[in-house]
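As structure tokens, the structure follows; a few thoughts come after it.
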Amino acid sequence: MPVEAKLSHTAAMILQAIHAGYLYGFSIMSMTGLPSGTVYPAMRRLERDGLILSKWEQQSIADAEQRPPRKFYRITRAGRATLEAVYKRYPLLARMIPVPEVEHA
Amino acid sequence: MIHPSLEALPRVLIRAASLLVPGADRHEWTAEWSSELWHAQHGSEVGPGIPGAGITGTRAAILFSVGAVQDAFCLRVQTLRQDAANTYRAGSAARCGLILNLACSVGIVAFLALPGTRNTILPLPYRDAETLAVISSNGDTGMQAPSIRLADYQEWTSDTAGLFSQIAFYQPVAVHLHLTNRRTAALSLAIASGNLLEMLGINQSPIHAASTPALPRLVLSRSAWRRFYRADPSIVGHTARVAGQTVEIAGILPDSAWRLPGHVDGWLLEDPHGLEILPPTVRGFVVARIRSEAFPPPHAGWRSMEETRYGVESKYECGSLSFIAERPLLAFSCCLLLALLALPAITALSLGDYPLSREPLHRSLVARRWLFLAAKLLLTPAIAYFWTADLAFGSGVLSLSDASAVQAFASFLALLFGFRWVLQDQRRRCPVCLRLLSNPARVGQASCNFLGWSGIELICASGHGLLHIPELPTSWFDTQRWLCLDPSWLCLFSDPADTTPANVA
């Protein structure tokens, strides 16, 4: 797959973080230690390649908690398949950012 | 310690960076970054298994916001790349226009850079050029090689018969110019009557009178002056040895000042006695300032002149210098006309049949198609003119007549096949997106023409429609026909149309 071949270690880390349930850009930054100038552009490329999907949370939820709504990211089926292939290239990735047993939506 | 006034800086940075983001994405992009900044500053939860922790301090918030500038920049670059790929993909009208403009620009630059070509459009640098004529004993051929005997010129100087107000003679010869240190250089020289340059009225550079009246004056072209004397300005007034004769260098002339037949590097201005040394049978060019009223009306720039001397009738022709200078442009105009007349012999003039569909094309799309055709029709003659002029006149080796013939032949072919390409290219383009149609498929059999349609079918990769080209034109299908596809077909195409929803009325 051409996408697999192109996926850098940084992009793979971000994809794994999203897979592990870190749904927001800032939470991925905190988890991976990457700066915002790396995380957000990488997420845009992953979304362009169809490996992740973004969605805005409902306004009513944000209003109830008196905060602005957030945009969250989810891994797609193609993203999961890519990640499986990427594990062969970066074997420590899954251990570095482990996926909780109960997956977050 | 960060100054409190900088607390607003992160938000300002995000706002400023949002200007880099393409307009369609800007609102959502700003909302996401503003929201992320708010959550980062307020220390909301960061993920499963990690305690809630936000960035603390204005410095951290500024560093976080700097990422927005990088993100916006990446987004802009990505969009520009996509736009460029969409615009200049193979077969697009923009790419075709770019190539044509590039070809035209290269032709124009070469045209202006080469001295031989530039002179073909510049006006003659002579005073009252319309009254100047080159006298020839054998018509056009006399413009390429010397045809008038010196004896005839000398007769005309003594008796102009009311035909000329001034007359001058020159003979191009190859001589050796003796330079310093026993070096010599080959020089193409015009041995001319002393009044030649004065008669032409060249006032671009002063020609000095000889300090020693007995010496003939040598005027050098600027290129020869640079080549032989390394552009030494003090050389004027010095003497030189040319063909074993001592001459005085009287001035330097720009290369563009010489537009008469024959390529020369210098002019040796002799007084009448100096010319008498030459044999009377030697042939040269004669330039005269004619009295128009003494001649019959010109025919294609030529006036005939009959003269009877010693009982012998001689016929000469006077070729107008203005007409000769305009000849390349006139020849090109004739070729343009001929190419247009010959065009139907090599291709059909019809652009095809575009039947009305339920969703007719928007006027702007129709106008764009015609504008594209008009641009190609205008650029093709321009490219043909400049490139053929560069080919024919650029080297400066060919005589004016030979170069004009080469240009005429080359421009006729270029125009004929250029216009053919313009029409064929236009017929092979989608009327909506103007991209070249692709995937040709042969449909039907020619042997079954009366039972079913046969021909070639092409498709627009953006899904705008199909083009049917009949193999054998018939009374019911005589020309190619465009079949417009409605937007419901778009899902079948990998390269969906980007203009259909907005541009179809």
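Here, A, B, ... name the chains of the structure tokens in the order displayed, residue numbers run from 1 inside each chain, and ligands are numbered from 1 in the same displayed order.
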Per-residue nearest contacts chain A to chain B, cut-off 9 Å, using only C-alpha atoms, as a Markdown table:
| residue | atom | partner | partner_atom | distance |
| --- | --- | --- | --- | --- |
| A:Ala20 | CA | B:Pro48 | CA | 8.4 |
| A:Gly21 | CA | B:Pro48 | CA | 6.8 |
| A:Tyr22 | CA | B:Gly47 | CA | 5.2 |
| A:Leu23 | CA | B:Gly47 | CA | 7.5 |
| A:Tyr24 | CA | B:Val46 | CA | 7.8 |
| A:Gly25 | CA | B:Glu36 | CA | 7.4 |
| A:Phe26 | CA | B:Glu36 | CA | 6.5 |
| A:Ser27 | CA | B:Val46 | CA | 4.1 |
| A:Ile28 | CA | B:Val46 | CA | 7.7 |
| A:Met29 | CA | B:Val46 | CA | 8.8 |
| A:Ser30 | CA | B:Val46 | CA | 6.9 |
| A:Met31 | CA | B:Gly47 | CA | 7.8 |
| A:Pro35 | CA | B:Gly67 | CA | 7.1 |
| A:Ser36 | CA | B:Gly67 | CA | 4.7 |
| A:Gly37 | CA | B:Gly67 | CA | 3.5 |
| A:Thr38 | CA | B:Gly67 | CA | 7.3 |
| A:Val39 | CA | B:Gly67 | CA | 8.5 |
| A:Tyr40 | CA | B:Asp71 | CA | 6.2 |
| A:Pro41 | CA | B:Asp71 | CA | 5.0 |
| A:Ala42 | CA | B:Asp71 | CA | 8.8 |
| A:Arg44 | CA | B:Leu75 | CA | 8.1 |
| A:Trp56 | CA | B:Glu32 | CA | 9.0 |
| A:Arg67 | CA | B:Trp38 | CA | 8.1 |
| A:Pro68 | CA | B:Ser35 | CA | 5.6 |
| A:Pro69 | CA | B:Ser35 | CA | 6.6 |
| A:Arg70 | CA | B:Ser35 | CA | 6.0 |
| A:Lys71 | CA | B:Glu32 | CA | 6.2 |
| A:Pro100 | CA | B:Pro48 | CA | 8.1 |
| A:His104 | CA | B:Pro48 | CA | 8.6 |
Now that the selection is made, can you save its residues with C-alpha atoms as a short mmCIF file (atom, residue, chain, number, x, y, z; two decimals), in the first residue's frame?
data_model
loop_
_atom_site.label_atom_id
_atom_site.label_comp_id
_atom_site.auth_asym_id
_atom_site.auth_seq_id
_atom_site.Cartn_x
_atom_site.Cartn_y
_atom_site.Cartn_z
CA ALA A 20 -5.36 4.28 21.66
CA GLY A 21 -8.12 6.78 22.36
CA TYR A 22 -6.37 10.13 22.40
CA LEU A 23 -8.97 11.91 20.38
CA TYR A 24 -7.86 15.55 20.45
CA GLY A 25 -4.79 17.25 19.06
CA PHE A 26 -3.69 18.56 22.43
CA SER A 27 -4.05 15.17 24.12
CA ILE A 28 -1.94 13.60 21.36
CA MET A 29 0.68 16.28 21.97
CA SER A 30 0.77 15.47 25.66
CA MET A 31 0.96 11.74 25.01
CA PRO A 35 4.94 19.97 19.39
CA SER A 36 1.69 21.37 18.06
CA GLY A 37 3.35 22.38 14.78
CA THR A 38 4.01 18.69 14.09
CA VAL A 39 0.87 17.05 15.43
CA TYR A 40 -1.82 19.11 13.70
CA PRO A 41 -0.31 19.12 10.16
CA ALA A 42 0.31 15.35 10.50
CA ARG A 44 -4.46 16.78 8.42
CA TRP A 56 -17.13 18.15 15.91
CA ARG A 67 -16.63 25.49 27.08
CA PRO A 68 -16.09 25.68 23.33
CA PRO A 69 -16.86 22.51 21.35
CA ARG A 70 -13.88 20.38 20.36
CA LYS A 71 -13.01 18.58 17.19
CA PRO A 100 -6.55 0.23 26.55
CA HIS A 104 -12.83 4.58 23.60
#
Residue contacts of A:Arg74 (12 Å, only C-alpha atoms) excluding same-chain residues fewer than 4 positions away, as a list in words: Ile14, Leu15, Gln16, Ala17, Ile18, His19, Ala20, Gly21, Tyr22, Leu23, Tyr24, Gly25, Met43, Leu46, Glu47, Gly50, Leu51, Ile52, Leu53, Ser54, Lys55, Trp56, Ala78, Gly79, Arg80, Glu103, His104 and Ala105 of chain A
Could you write out that same residue set with C-alpha atoms as an mmCIF file, in the first residue's frame?
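Saved the output as out-v2.cif:
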data_model
loop_
_atom_site.group_PDB
_atom_site.id
_atom_site.type_symbol
_atom_site.label_atom_id
_atom_site.label_comp_id
_atom_site.auth_asym_id
_atom_site.auth_seq_id
_atom_site.Cartn_x
_atom_site.Cartn_y
_atom_site.Cartn_z
ATOM 1 C CA ILE A 14 0.026 9.905 16.041
ATOM 2 C CA LEU A 15 -2.086 7.261 14.333
ATOM 3 C CA GLN A 16 -1.384 4.852 17.190
ATOM 4 C CA ALA A 17 -2.266 7.547 19.726
ATOM 5 C CA ILE A 18 -5.616 8.135 18.055
ATOM 6 C CA HIS A 19 -6.153 4.396 17.943
ATOM 7 C CA ALA A 20 -5.364 4.276 21.662
ATOM 8 C CA GLY A 21 -8.121 6.785 22.362
ATOM 9 C CA TYR A 22 -6.372 10.132 22.398
ATOM 10 C CA LEU A 23 -8.974 11.910 20.377
ATOM 11 C CA TYR A 24 -7.858 15.545 20.451
ATOM 12 C CA GLY A 25 -4.789 17.254 19.056
ATOM 13 C CA MET A 43 -3.313 14.814 11.483
ATOM 14 C CA LEU A 46 -3.694 11.385 7.877
ATOM 15 C CA GLU A 47 -7.226 12.675 7.382
ATOM 16 C CA GLY A 50 -8.414 8.542 4.775
ATOM 17 C CA LEU A 51 -6.693 6.981 7.795
ATOM 18 C CA ILE A 52 -8.569 9.071 10.351
ATOM 19 C CA LEU A 53 -11.841 10.971 10.427
ATOM 20 C CA SER A 54 -12.644 14.190 12.244
ATOM 21 C CA LYS A 55 -15.917 15.253 13.763
ATOM 22 C CA TRP A 56 -17.125 18.147 15.906
ATOM 23 C CA ALA A 78 -8.140 1.779 6.437
ATOM 24 C CA GLY A 79 -6.224 3.421 9.275
ATOM 25 C CA ARG A 80 -6.418 0.247 11.357
ATOM 26 C CA GLU A 103 -11.568 1.052 23.461
ATOM 27 C CA HIS A 104 -12.828 4.581 23.602
ATOM 28 C CA ALA A 105 -15.197 5.681 20.898
#
Could you please write out, as a PDB file with N, CA and C atoms, in the first residue's frame, every residue of chain A that DSSP assigns to strand (DSSP E or B)?
ATOM      1  N   ILE A  52      -7.783   8.628   9.194  1.00  0.00           N
ATOM      2  CA  ILE A  52      -8.569   9.071  10.351  1.00  0.00           C
ATOM      3  C   ILE A  52      -9.714   9.958   9.852  1.00  0.00           C
ATOM      4  N   LEU A  53     -10.681  10.122  10.740  1.00  0.00           N
ATOM      5  CA  LEU A  53     -11.841  10.971  10.427  1.00  0.00           C
ATOM      6  C   LEU A  53     -12.001  11.991  11.544  1.00  0.00           C
ATOM      7  N   SER A  54     -12.420  13.197  11.191  1.00  0.00           N
ATOM      8  CA  SER A  54     -12.644  14.190  12.244  1.00  0.00           C
ATOM      9  C   SER A  54     -14.133  14.499  12.355  1.00  0.00           C
ATOM     10  N   LYS A  55     -14.511  14.920  13.544  1.00  0.00           N
ATOM     11  CA  LYS A  55     -15.917  15.253  13.763  1.00  0.00           C
ATOM     12  C   LYS A  55     -15.992  16.247  14.917  1.00  0.00           C
ATOM     13  N   TRP A  56     -16.912  17.176  14.815  1.00  0.00           N
ATOM     14  CA  TRP A  56     -17.125  18.147  15.906  1.00  0.00           C
ATOM     15  C   TRP A  56     -18.106  17.547  16.906  1.00  0.00           C
ATOM     16  N   LYS A  71     -13.013  19.451  18.368  1.00  0.00           N
ATOM     17  CA  LYS A  71     -13.015  18.578  17.188  1.00  0.00           C
ATOM     18  C   LYS A  71     -12.239  17.336  17.575  1.00  0.00           C
ATOM     19  N   PHE A  72     -12.861  16.168  17.413  1.00  0.00           N
ATOM     20  CA  PHE A  72     -12.148  14.942  17.774  1.00  0.00           C
ATOM     21  C   PHE A  72     -11.906  14.065  16.556  1.00  0.00           C
ATOM     22  N   TYR A  73     -10.939  13.182  16.706  1.00  0.00           N
ATOM     23  CA  TYR A  73     -10.488  12.351  15.584  1.00  0.00           C
ATOM     24  C   TYR A  73     -10.676  10.886  15.921  1.00  0.00           C
ATOM     25  N   ARG A  74     -11.023  10.119  14.870  1.00  0.00           N
ATOM     26  CA  ARG A  74     -11.188   8.667  15.044  1.00  0.00           C
ATOM     27  C   ARG A  74     -10.448   7.946  13.924  1.00  0.00           C
ATOM     28  N   ILE A  75      -9.963   6.788  14.243  1.00  0.00           N
ATOM     29  CA  ILE A  75      -9.260   6.001  13.225  1.00  0.00           C
ATOM     30  C   ILE A  75     -10.289   5.292  12.335  1.00  0.00           C
TER      31      ILE A  75
END
8 Å contact set for B:Arg149, only C-alpha atoms, chain neighbours under 5 positions out, as a PyMOL selection string: chain B and resi 280-284
Those selected residues, please, written with N, CA and C atoms and delivered as a PDB file, in the first residue's frame.
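Generated output (selection.pdb):
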ATOM      1  N   PRO B 280      35.602  50.614 -65.493  1.00  0.00           N
ATOM      2  CA  PRO B 280      34.231  51.076 -65.734  1.00  0.00           C
ATOM      3  C   PRO B 280      33.213  49.945 -65.830  1.00  0.00           C
ATOM      4  N   THR B 281      33.686  48.720 -66.067  1.00  0.00           N
ATOM      5  CA  THR B 281      32.734  47.608 -66.203  1.00  0.00           C
ATOM      6  C   THR B 281      32.395  46.956 -64.854  1.00  0.00           C
ATOM      7  N   VAL B 282      33.087  47.403 -63.807  1.00  0.00           N
ATOM      8  CA  VAL B 282      32.829  46.788 -62.508  1.00  0.00           C
ATOM      9  C   VAL B 282      31.373  47.078 -62.098  1.00  0.00           C
ATOM     10  N   ARG B 283      30.751  46.089 -61.486  1.00  0.00           N
ATOM     11  CA  ARG B 283      29.326  46.246 -61.162  1.00  0.00           C
ATOM     12  C   ARG B 283      29.128  46.471 -59.662  1.00  0.00           C
ATOM     13  N   GLY B 284      28.176  47.299 -59.374  1.00  0.00           N
ATOM     14  CA  GLY B 284      27.864  47.587 -57.972  1.00  0.00           C
ATOM     15  C   GLY B 284      26.395  47.904 -57.804  1.00  0.00           C
TER      16      GLY B 284
END
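With only C-alpha atoms as the basis for measurement, A:Ala11 is the residue among A:Leu92, A:Ala64, A:Ala11, A:Thr32 that approaches A:Arg45 most closely.
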Sel. of alpha helix (DSSP H) residues, stretch 381-442 of chain B, as a VMD selection string: chain B and resid 381 to 393 400 to 427
Shell around stretch 310-327 of chain B at 7 Å using only C-alpha atoms, local window under 5 positions removed, as a ChimeraX atom specification: /B:120,129-130,132-137,139,301-305
Shell around B:Pro115 at 12 Å using only C-alpha atoms, local window under 3 positions removed, as a ChimeraX atom specification: /B:109-112,118-122,223,254-259,389-390,393-397
Near-stretch 186-193 of chain B list (7 Å; only C-alpha atoms; drop same-chain fewer than 4 positions) as an MDAnalysis selection string: chainID B and resid 168:177 264:272
Surrounding residues of B:Thr388 excluding itself and chain neighbours under 3 positions, 6 Å, only C-alpha atoms, as a list in words: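 Once the nearby chain positions are removed, what remains is Ala384, Tyr385, Leu391, Gln407 and Ser411 of chain B.
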Distance in Å - atom CA of B:Leu197 versus atom CA of B:Leu253: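 Going from atom CA of B:Leu197 over to atom CA of B:Leu253, I get 10.0 Å.
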